[in-house]
Amino acid sequence: MSSSNGNGGAGLEIEDTTKIPSLNNSSNPSSIADSSYELATPADPIIVDPGITRSKYDPLYPEVEELFGGGGSPAPCTLVWRDLSVHVKQKDGRMKRLVNNVSGIAKPGSLVALMGPSGAGKTTLMSALANRVPVGTITDGEISMNGRPVGDFMHRESGYMHQDDLFVDNLTVMEHLTIMARLRMDRRTTTIARRRRVNQLLRQLALYPSRYTRIGGLDGRKTLSGGERKRLAFATELLTDPGLLFCDEPTTGLDSFSAQKLVALLRANVVQGKTIICTIHQPSSELMALFDSLMLLAEGRVAYAGSAAGALGFFKSLGYHCPLMYNPTDYFIKVLAMTPGSESASRHAVKSICDRFAVSDAAKELDMEIHLEFHLIENEDERPRTTRDFKSPFFFTKLLWLIYRYLLIVIRDPRIQVVRIVQKLAIALTAGLCFIGTVRLTQAGIQDVQGALFIIIAENTFSPMYGVLHMFPEEFPLFTRELGAGLYTTPIYYIARMTALLPGLLVEPTLFTLVVYWLAGLRLTAHAFGLTVLLSILVLNVAIACGAFFSCAFGSMPVAIAYLVPFDYALMMTSGIFVRLSSIPKFISWIRHLSWLMYSNEAMTILQWDGIDDIPCANTTEVRPCLSTGEEVLDRYDFESYRFWPDVFALLGLYAAFHLLALLALRFRTRRK
């Protein structure tokens, strides 16, 4: 099922009218103006100086290419696998076999198609070859890339284009590729080389005119089409110029013209010497002609492996004659698919086809080629074959670029920042107007002060905490994909995500407290006002940390809310606002030590009443005794003035504890996946 070069195999004679992208001639200005493609072959000469002839693929000035990071040819990759089986554990504890003793080989300069009906094991096989199987999947057999058993290095040495395109929608094409270049490319790569590579790919994949277009978004602006999103996903994988590329259903959701252009891009990369393995669903005859070899899977087994033209002959020898004017690939899928109502007969027919192929001449020839490759590997030096000397970007480099990405999300997503600030100001203005003239140093004013403080605490707790619950479940698919690709670690992602929220988490409570504090007429000293603002900032940040923990722990907003609501009630009832702390039963009073509402309520109350000695007692009754000093007010709520700074440190401790729990929950969820 392999070809030793990109010009062998059926359908590789490209006529003059066929347009395929030139992936090396990045200086071609015509690629900027339109989306047409022109095939550049190594045989096409260009004239540099009179009497000097060079290939388009030769660097004009090697010393300049070395300085700026020339786009050299990728290292050839040979991928070979033998007797590969993949099992997955089901919920009942039993193991289910998805891939059954599959063998094959893909050599440099070959475009291999994996085809089969739904559930045949195409994506599972390709994930195993790329060393990207989910946790809990068991892989048996031998897989070797350039003489080395596949391992974590596959994330650096190969690219993997997924079937569904996941992006940060509010970024532009240029921003996405720039950030990905900083996360994916070798840290020793110069800034000029990164920019050069990004612009090169933009031109080669006809994305240059759309470089400032948003990938997606909520504001109704122009966004990328389906074909452009596929090409952007392709460009992302090509940033590191891998010699081996996996593509999972790259033409899904595209019209025939866009699909033709995308496969032509794959074909052009194969011409350069890349090895590309691609799952594809019922391609047209024109698309199939661009593939070097075909592997048909059914029920996890190989039904055929070889050239597309040879598949027709093989099935014909078994009595399956493809009708005239019928797409052969559609016919193959139809023969290998399970017929509803006749599953037993279909499985018997598929088993017969797979058994017949296993003893066919094509299978024997493939086995000889595979055994020869493994024989060469076993008889080489024990030292593993060299791979690219890759240096991953530094921790802080990844962190800073992720913070930059998520800051762009915060700035451009009105749900996150603008609407929330406007909402905060509206609520603060309403609450502040309700308290105008009520907060006085009187017996009635004591309750009014405590009510204003409760408004500040509650608004900086509940709305932010519930507002963050959606964040991690929404981003989890993209996060797990990038984590699986080795772009960053879970701590880097979490720290960057929360750091990007910090500007809003400082501005929102400050604005809200400023409006309510001055409209309500709370204690007018710089000390009391400044520390109240600090406490409101701490309250909001602790609430966000708690919401992040529940979001990471449960992974679903409805489930997180179901557990968070009773937790909130417990915190609120033990906050000292509704019930005296000394009156709470001992079996439940321990919850107050987890309540940032209690710590903040006590600290803010201390700021308002500590040192107050002249509260008049006029018009008091026995039902409501006179509280003439601030100490008496604090004692009424079981608060102590000396506990101000312990309360502040307790808030900081809860902030760190909730973030640590959120990070641990996120790591647990990713490992379980």
# chains A, B, ... in the order shown; residues from 1 in each chain; ligands from 1
$ residues_around --residues "Val86 (chain A)" --least-positions-apart "4" --cutoff "10 Å" --atoms "only C-alpha atoms" --output "VMD selection string"
chain A and resid 95 to 102 121 124 to 125 128 133 137 to 141 300
$ write_last_selection --atoms "C-alpha atoms" --output "PDB file, in the first residue's frame"
ATOM      1  CA  MET A  95     -12.574  -5.009  26.243  1.00  0.00           C
ATOM      2  CA  LYS A  96     -13.781  -4.242  22.736  1.00  0.00           C
ATOM      3  CA  ARG A  97     -11.428  -4.687  19.782  1.00  0.00           C
ATOM      4  CA  LEU A  98     -11.628  -1.813  17.306  1.00  0.00           C
ATOM      5  CA  VAL A  99      -8.626  -2.660  15.096  1.00  0.00           C
ATOM      6  CA  ASN A 100      -7.657  -6.283  14.414  1.00  0.00           C
ATOM      7  CA  ASN A 101      -4.107  -7.249  13.298  1.00  0.00           C
ATOM      8  CA  VAL A 102      -3.624  -4.511  10.718  1.00  0.00           C
ATOM      9  CA  GLY A 121     -11.767   1.689  12.671  1.00  0.00           C
ATOM     10  CA  THR A 124      -8.829   4.643  15.643  1.00  0.00           C
ATOM     11  CA  LEU A 125      -6.084   3.210  13.444  1.00  0.00           C
ATOM     12  CA  ALA A 128      -2.784   4.740  17.095  1.00  0.00           C
ATOM     13  CA  VAL A 133      -4.995   7.357  21.355  1.00  0.00           C
ATOM     14  CA  THR A 137      -6.955   2.536  25.050  1.00  0.00           C
ATOM     15  CA  ILE A 138      -4.691  -0.509  24.722  1.00  0.00           C
ATOM     16  CA  THR A 139      -2.509  -0.832  21.622  1.00  0.00           C
ATOM     17  CA  ASP A 140      -0.781  -4.079  20.637  1.00  0.00           C
ATOM     18  CA  GLY A 141       1.644  -4.597  17.776  1.00  0.00           C
ATOM     19  CA  GLY A 300     -11.378  -3.404  12.104  1.00  0.00           C
TER      20      GLY A 300
END
$ residues_around --residues "region 440-453 of chain A" --least-positions-apart "6" --cutoff "9 Å" --atoms "only C-alpha atoms" --output "ChimeraX atom specification"
/A:431-432,516-517,520-522,577,601,604-605,608,614-620,624-628,633
$ write_last_selection --atoms "C-alpha atoms" --output "PDB file, in the first residue's frame"
ATOM      1  CA  ALA A 431     -28.304  49.962  45.285  1.00  0.00           C
ATOM      2  CA  GLY A 432     -26.524  53.176  46.145  1.00  0.00           C
ATOM      3  CA  VAL A 516     -22.164  52.061  46.443  1.00  0.00           C
ATOM      4  CA  TYR A 517     -19.754  53.304  49.109  1.00  0.00           C
ATOM      5  CA  ALA A 520     -24.609  55.085  50.673  1.00  0.00           C
ATOM      6  CA  GLY A 521     -22.396  57.406  52.732  1.00  0.00           C
ATOM      7  CA  LEU A 522     -20.336  54.768  54.498  1.00  0.00           C
ATOM      8  CA  ILE A 577     -25.417  38.142  58.356  1.00  0.00           C
ATOM      9  CA  ASN A 601     -18.430  40.564  56.425  1.00  0.00           C
ATOM     10  CA  MET A 604     -15.798  45.178  56.510  1.00  0.00           C
ATOM     11  CA  THR A 605     -17.832  45.518  59.697  1.00  0.00           C
ATOM     12  CA  GLN A 608     -16.994  50.639  59.713  1.00  0.00           C
ATOM     13  CA  ASP A 614     -20.713  58.050  70.027  1.00  0.00           C
ATOM     14  CA  ILE A 615     -23.762  56.214  68.708  1.00  0.00           C
ATOM     15  CA  PRO A 616     -26.828  57.936  70.222  1.00  0.00           C
ATOM     16  CA  CYS A 617     -29.434  55.794  72.015  1.00  0.00           C
ATOM     17  CA  ALA A 618     -32.569  57.895  71.494  1.00  0.00           C
ATOM     18  CA  ASN A 619     -35.873  56.123  70.819  1.00  0.00           C
ATOM     19  CA  THR A 620     -34.556  52.661  71.795  1.00  0.00           C
ATOM     20  CA  ARG A 624     -33.851  46.489  70.457  1.00  0.00           C
ATOM     21  CA  PRO A 625     -31.218  47.381  73.062  1.00  0.00           C
ATOM     22  CA  CYS A 626     -29.006  50.403  72.644  1.00  0.00           C
ATOM     23  CA  LEU A 627     -25.627  49.888  71.002  1.00  0.00           C
ATOM     24  CA  SER A 628     -23.622  52.978  71.916  1.00  0.00           C
ATOM     25  CA  VAL A 633     -21.965  46.502  67.398  1.00  0.00           C
TER      26      VAL A 633
END
$ residues_around --residues "region 205-217 of chain A" --least-positions-apart "3" --cutoff "6 Å" --atoms "only C-alpha atoms" --output "list in words"
Ile32, Ser35, Asp169, Asn170, Leu171, Thr172, Val173, Met174, Leu201, Leu202, Thr223 and Leu224 of chain A
$ residues_around --residues "region 661-670 of chain A" --least-positions-apart "3" --cutoff "8 Å" --atoms "only C-alpha atoms" --output "VMD selection string"
chain A and resid 480 490 to 491 494 545 to 546 548 to 553 657 to 658 673
$ residues_around --residues "Leu183 (chain A)" --least-positions-apart "6" --cutoff "9 Å" --atoms "only C-alpha atoms" --output "number ranges by chain"
A: 392-393, 397-398, 401-402, 487-488
$ write_last_selection --atoms "C-alpha atoms" --output "mmCIF file, in the first residue's frame"
data_model
loop_
_atom_site.group_PDB
_atom_site.id
_atom_site.type_symbol
_atom_site.label_atom_id
_atom_site.label_comp_id
_atom_site.auth_asym_id
_atom_site.auth_seq_id
_atom_site.Cartn_x
_atom_site.Cartn_y
_atom_site.Cartn_z
ATOM 1 C CA SER A 392 10.400 23.295 23.227
ATOM 2 C CA PRO A 393 9.537 26.942 24.014
ATOM 3 C CA THR A 397 7.088 31.966 26.680
ATOM 4 C CA LYS A 398 4.107 29.644 26.463
ATOM 5 C CA TRP A 401 1.478 33.939 24.603
ATOM 6 C CA LEU A 402 -1.477 32.085 26.099
ATOM 7 C CA LEU A 487 1.547 22.632 23.027
ATOM 8 C CA TYR A 488 1.454 23.330 26.755
#
$ select_by_dssp --residues "region 311-547 of chain A" --states "helix (DSSP H, G or I)" --output "PyMOL selection string"
chain A and resi 311-317+328-336+343-358+361-378+395-412+418-434+443-459+462-467+471-484+490-520+526-547
$ closest_residue --among "A:Met185, A:Leu433, A:Ala113, A:Val80" --to "Ile277 (chain A)" --atoms "only C-alpha atoms"
A:Ala113
$ residues_around --residues "region 145-148 of chain A" --least-positions-apart "6" --cutoff "6 Å" --atoms "only C-alpha atoms" --output "list in words"
Cys77, Thr78, Leu79 and Ile377 of chain A
$ closest_residue --among "A:Asn269, A:Ser127, A:Gln204, A:Thr178" --to "Arg231 (chain A)" --atoms "only C-alpha atoms"
A:Gln204
$ atom_distance --atom1 "CA of Val542 (chain A)" --atom2 "CA of Tyr655 (chain A)"
4.7 Å
$ select_by_dssp --residues "region 156-289 of chain A" --states "strand (DSSP E or B)" --output "JSON, numbers by chain"
{"A": [158, 159, 160, 161, 172, 214, 223, 244, 245, 246, 247, 248, 275, 276, 277, 278, 279]}
$ atom_distance --atom1 "CA of Leu266 (chain A)" --atom2 "CA of Met288 (chain A)"
12.2 Å
$ closest_residue --among "A:Phe153, A:Phe394, A:Leu318, A:Glu632" --to "Ile492 (chain A)" --atoms "only C-alpha atoms"
A:Phe394
$ atom_distance --atom1 "CA of Met154 (chain A)" --atom2 "CA of Leu129 (chain A)"
9.2 Å
$ closest_residue --among "A:Met161, A:Ala458, A:Ile561, A:Ala496" --to "Thr513 (chain A)" --atoms "only C-alpha atoms"
A:Ala458
